[in-house]
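**Q** So that we are looking at the same thing, I have put the structure below in structure tokens.
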Amino acid sequence: MGVHVNNPTPMASIVNRPVTLIGLCLLFANTANAATYCVGAPGGGTTHTSIQAALNAAETNPGTDTIFVIRRDGIQAQGIVIENQDVILSGAHVNCNPDEPLFEPTVLNAGGGSMTSALIVRNTASSQLMHVEISGFDIVGGDAIFGAGGGLRVDGHVDLALSHLKISQSEASYGAGIAFYGAAEASMRLGDRVEISNNLATGSGGGLAIFGGSVFVDGMQTSIHGNTSVHDGGGIFLAGEGSANVAHLVLRRGRMLDASVGSIHEVVESNIAELGDGGGVAAAAWSDVQGYSVDEYFPIWISLNSASQGGGIAVLGETARVRLWNPVIRGNHANAGGGAILAIDGGQFEVLDRNDPDRPADALQCSGDGYLDYFCVIANNIARSASGNDVPGAAVMLSHSAAVVTPTRVVLAGARLLDNRGSSVFSDTCLSIECNASSLLIVRNSLVAYHPETPVLVQLIYGSALEVLSSTITGTGTSPDARSVLQTNGSIAIRRSIFWEPGRDLIGGLVPTSVIADEVLVADAGDLALQAHILVGDPVFLAAGGGDFHLAASSPAVDAATAHSGMQWDADGYPRQVDLPDRPNGLGVADLGAFERQLSDSIFANGFE
């Protein structure tokens, strides 16, 4: 049949539907002219013996047709094409009766040596969206080794929904699992129980490559893990066609329980970019990534990925942007720096909090109940060479070329950075012949604590600027240490913050171009001479040894600061500017640091904290 757009099955309608209902419910939801086909061995009500034959028959029939595929030990097929037709392709059926429950997925083995994708979905006939739904298959062995999309390739004006699908053990130059070449309005949704794992790209995008259109990862029990690319994006690679067709990725939930080995796979986990950047996700030119959690049991975890630089995420260029709300970026590794994050040549990376006016309405907030097992964490990432030597940028590395106009920018708002390991937590580098000082690192409304194995907090030797706003910084390295906490020859601005690094010089090693400090609590004010409103003293955390860096009622940081412009909420999502009635005010009623002591906290203020 040709492309039909009057009565498509809505893409969202199958995202959360159990696989046992896909065949039955969708069969009776389509137009009267739609047909149902059944693929299997001859007899028993089957209409075709191959998937392609059923697709070819459906192409001549009007309406959104449904093709059931009976589960067998394996179907040996490659280069199956769904072209210019609306169709529902449903595997895992025990027979041709849609009332029967579904069983294990149908295995589609594409290892035929034809060097093409296992499955191809494309619209070459119309600018109208072609609607396709695919579920109930294990696709293995795609070998598009000189092309893209080993398991699945998607082209053009396509609206595609995937669920209860596994793509593994496939190869391609780009997008070894899936390559999505969508038109600007095209979309692909990874619904429930989609697994893209153990695929190999000789170029970029070991699991998934997006070259235009939008991809949504919002199903439960969905994961992109264990994939490898030789170059960038071990898990996911994005590069759009230009401003008219930016490659979009939205991560909303995931995490998969692998019952076979008794382990949990996170949303983007254990992927490798062997010689490139962005072990988990690499966002190149004309790309946009958004990530946020909508379900506390399925957070957006980007973990245990590895790369040369940017073990978790790499933002590669001035038309690339990554924005995350309440993520967990944990346990990633980079051999040359940027254990968690790399941003270069005008790339924009942001972790954003409740103060962000563009925060998605359904994004969950960070929790203040613990410091190791909740959202908004950048923790346990490592910058260490293959020979075992620590390198700079355990959490973040920036770089900027003089040829790029847009400044490289990293913003960490409402984040908790904990126990990242390398020679510094933050760093910059030069990846081109000529670099300049246009990179900017902003730490706002955040906690940076407990980095005992990382002796230097900030090492910006190529002149990147540093801004620390309403944040709490403590526990860098060990004391005493001759190395200073901040080493930069760019500008430094610190406002309404706590730097509790007793026994350590705050600024040294390099000479910053300028230092501005205002309303800051430190252990030693020697490096902030002539700066405004500097307090010296113990911040009196509730239980720093137990990882609780909230302020006790007796803290000199309580009710000490002026209003936080544009910052209505603290790092826990609680109100700022809370005036405790039993405390005299300093410059204002706000507290210094990442956390505002709330009125309810004063109930427990008994002098024994």
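We name chains A, B, ... following the order of the structure tokens; residues begin at 1 in each chain, and ligands are numbered from 1 as shown.
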Could you give me, as CSV, every region 438-471 of chain A residue with an atom at most 7 Å from region 397-410 of chain A, plus its closest atom pair and distance in Å to one decimal, counting only C-alpha atoms, rows ordered by chain then number?
**A**
residue,atom,partner,partner_atom,distance
A:Ser438,CA,A:Pro407,CA,4.9
A:Ser439,CA,A:Thr408,CA,4.5
A:Leu440,CA,A:Arg409,CA,4.8
A:Leu441,CA,A:Val410,CA,5.0
A:Ile442,CA,A:Val410,CA,6.2
**Q** For those residues, write N, CA and C atoms to a file as a PDB file, in the first residue's frame.
**A**
ATOM      1  N   SER A 438      38.152  31.425  25.602  1.00  0.00           N
ATOM      2  CA  SER A 438      36.711  31.670  25.553  1.00  0.00           C
ATOM      3  C   SER A 438      35.877  30.616  26.268  1.00  0.00           C
ATOM      4  N   SER A 439      36.505  29.635  26.888  1.00  0.00           N
ATOM      5  CA  SER A 439      35.736  28.637  27.616  1.00  0.00           C
ATOM      6  C   SER A 439      35.268  29.207  28.949  1.00  0.00           C
ATOM      7  N   LEU A 440      34.096  28.736  29.392  1.00  0.00           N
ATOM      8  CA  LEU A 440      33.514  29.234  30.639  1.00  0.00           C
ATOM      9  C   LEU A 440      32.960  28.061  31.428  1.00  0.00           C
ATOM     10  N   LEU A 441      33.376  27.954  32.683  1.00  0.00           N
ATOM     11  CA  LEU A 441      32.873  26.943  33.605  1.00  0.00           C
ATOM     12  C   LEU A 441      32.099  27.647  34.711  1.00  0.00           C
ATOM     13  N   ILE A 442      30.812  27.288  34.855  1.00  0.00           N
ATOM     14  CA  ILE A 442      29.952  27.889  35.875  1.00  0.00           C
ATOM     15  C   ILE A 442      29.472  26.781  36.811  1.00  0.00           C
TER      16      ILE A 442
END
**Q** So that I can see what lies close to region 466-470 of chain A, please list as a list in words the residues with an atom at most 9 Å from it, counting only C-alpha atoms and leaving out residues fewer than 4 positions away in the same chain.
**A**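 Near neighbours after the sequence-gap exclusion: Ser439, Leu440, Leu441, Ile442, Val443, Arg444, Asn445, Ser446, Val458, Leu460, Thr488, Gly490, Ser491, Ile492, Ala493, Ile494, Arg495, Arg496, Ser497, Ile498, His564, Asp570, Asp591, Leu592, Gly593, Ala594 and Phe595 of chain A.
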**Q** What's the 12 Å shell around Gly43 (chain A), counting only C-alpha atoms, without same-chain residues fewer than 4 positions away, as a PyMOL selection string?
**A** chain A and resi 38-39+47-49+70+95-96
**Q** Between A:Ser90, A:Ala394, A:Gly79, A:Leu521, which one has atoms that come closest to Thr36 (chain A), using only C-alpha atoms?
**A**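 For Thr36 (chain A), the nearest of the given residues is A:Ser90.
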**Q** Find the residues near region 61-68 of chain A: any atom within 6 Å, counting only C-alpha atoms, skip ones fewer than 6 places away on the same chain, and give them as an mmCIF file with C-alpha atoms, in the first residue's frame.
**A**
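Full text of part16.cif as output:
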data_model
loop_
_atom_site.group_PDB
_atom_site.id
_atom_site.type_symbol
_atom_site.label_atom_id
_atom_site.label_comp_id
_atom_site.auth_asym_id
_atom_site.auth_seq_id
_atom_site.Cartn_x
_atom_site.Cartn_y
_atom_site.Cartn_z
ATOM 1 C CA MET A 1 0.000 0.000 0.000
ATOM 2 C CA THR A 31 -9.355 1.217 9.204
ATOM 3 C CA ASN A 33 -9.670 -1.726 4.693
ATOM 4 C CA ALA A 34 -6.663 -2.772 6.736
ATOM 5 C CA ALA A 35 -5.573 -6.379 6.435
ATOM 6 C CA THR A 36 -3.863 -8.850 8.723
ATOM 7 C CA TYR A 37 -1.135 -11.188 7.495
ATOM 8 C CA CYS A 38 0.577 -14.062 9.299
ATOM 9 C CA ASP A 86 2.017 2.235 7.165
ATOM 10 C CA VAL A 87 2.384 -1.092 8.917
ATOM 11 C CA ILE A 88 2.539 -2.861 12.268
ATOM 12 C CA LEU A 89 5.123 -5.652 12.380
ATOM 13 C CA SER A 90 4.631 -7.838 15.453
ATOM 14 C CA GLY A 91 6.767 -10.846 16.337
#
**Q** Quick one: everything within 9 Å of Gln76 (chain A), counting only C-alpha atoms, minus sequence neighbours fewer than 6 positions away in the same chain. Send it as an MDAnalysis selection string.
**A** chainID A and resid 107:112
**Q** How would the residues just picked look written out with N, CA, C and O atoms as a short mmCIF file (atom, residue, chain, number, x, y, z; two decimals), in the first residue's frame?
**A**
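Result file out-v6.cif:
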data_model
loop_
_atom_site.label_atom_id
_atom_site.label_comp_id
_atom_site.auth_asym_id
_atom_site.auth_seq_id
_atom_site.Cartn_x
_atom_site.Cartn_y
_atom_site.Cartn_z
N VAL A 107 13.36 -14.49 16.70
CA VAL A 107 14.75 -14.18 16.40
C VAL A 107 14.90 -13.95 14.90
O VAL A 107 14.57 -14.82 14.09
N LEU A 108 15.39 -12.79 14.55
CA LEU A 108 15.66 -12.45 13.16
C LEU A 108 17.17 -12.40 12.99
O LEU A 108 17.83 -11.46 13.44
N ASN A 109 17.72 -13.42 12.40
CA ASN A 109 19.16 -13.54 12.24
C ASN A 109 19.56 -12.99 10.88
O ASN A 109 19.23 -13.55 9.84
N ALA A 110 20.29 -11.88 10.90
CA ALA A 110 20.64 -11.20 9.66
C ALA A 110 22.07 -11.49 9.23
O ALA A 110 22.61 -10.78 8.38
N GLY A 111 22.69 -12.49 9.81
CA GLY A 111 24.08 -12.78 9.47
C GLY A 111 24.24 -13.54 8.18
O GLY A 111 24.84 -14.62 8.14
N GLY A 112 23.71 -12.98 7.13
CA GLY A 112 23.75 -13.68 5.84
C GLY A 112 24.91 -13.29 4.96
O GLY A 112 25.06 -13.82 3.86
#
**Q** At what distance in Å, to one decimal, does CA of Thr124 (chain A) lie from CA of Glu195 (chain A)?
**A**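 Atom-to-atom, CA of Glu195 (chain A) to CA of Thr124 (chain A), that is 27.8 Å.
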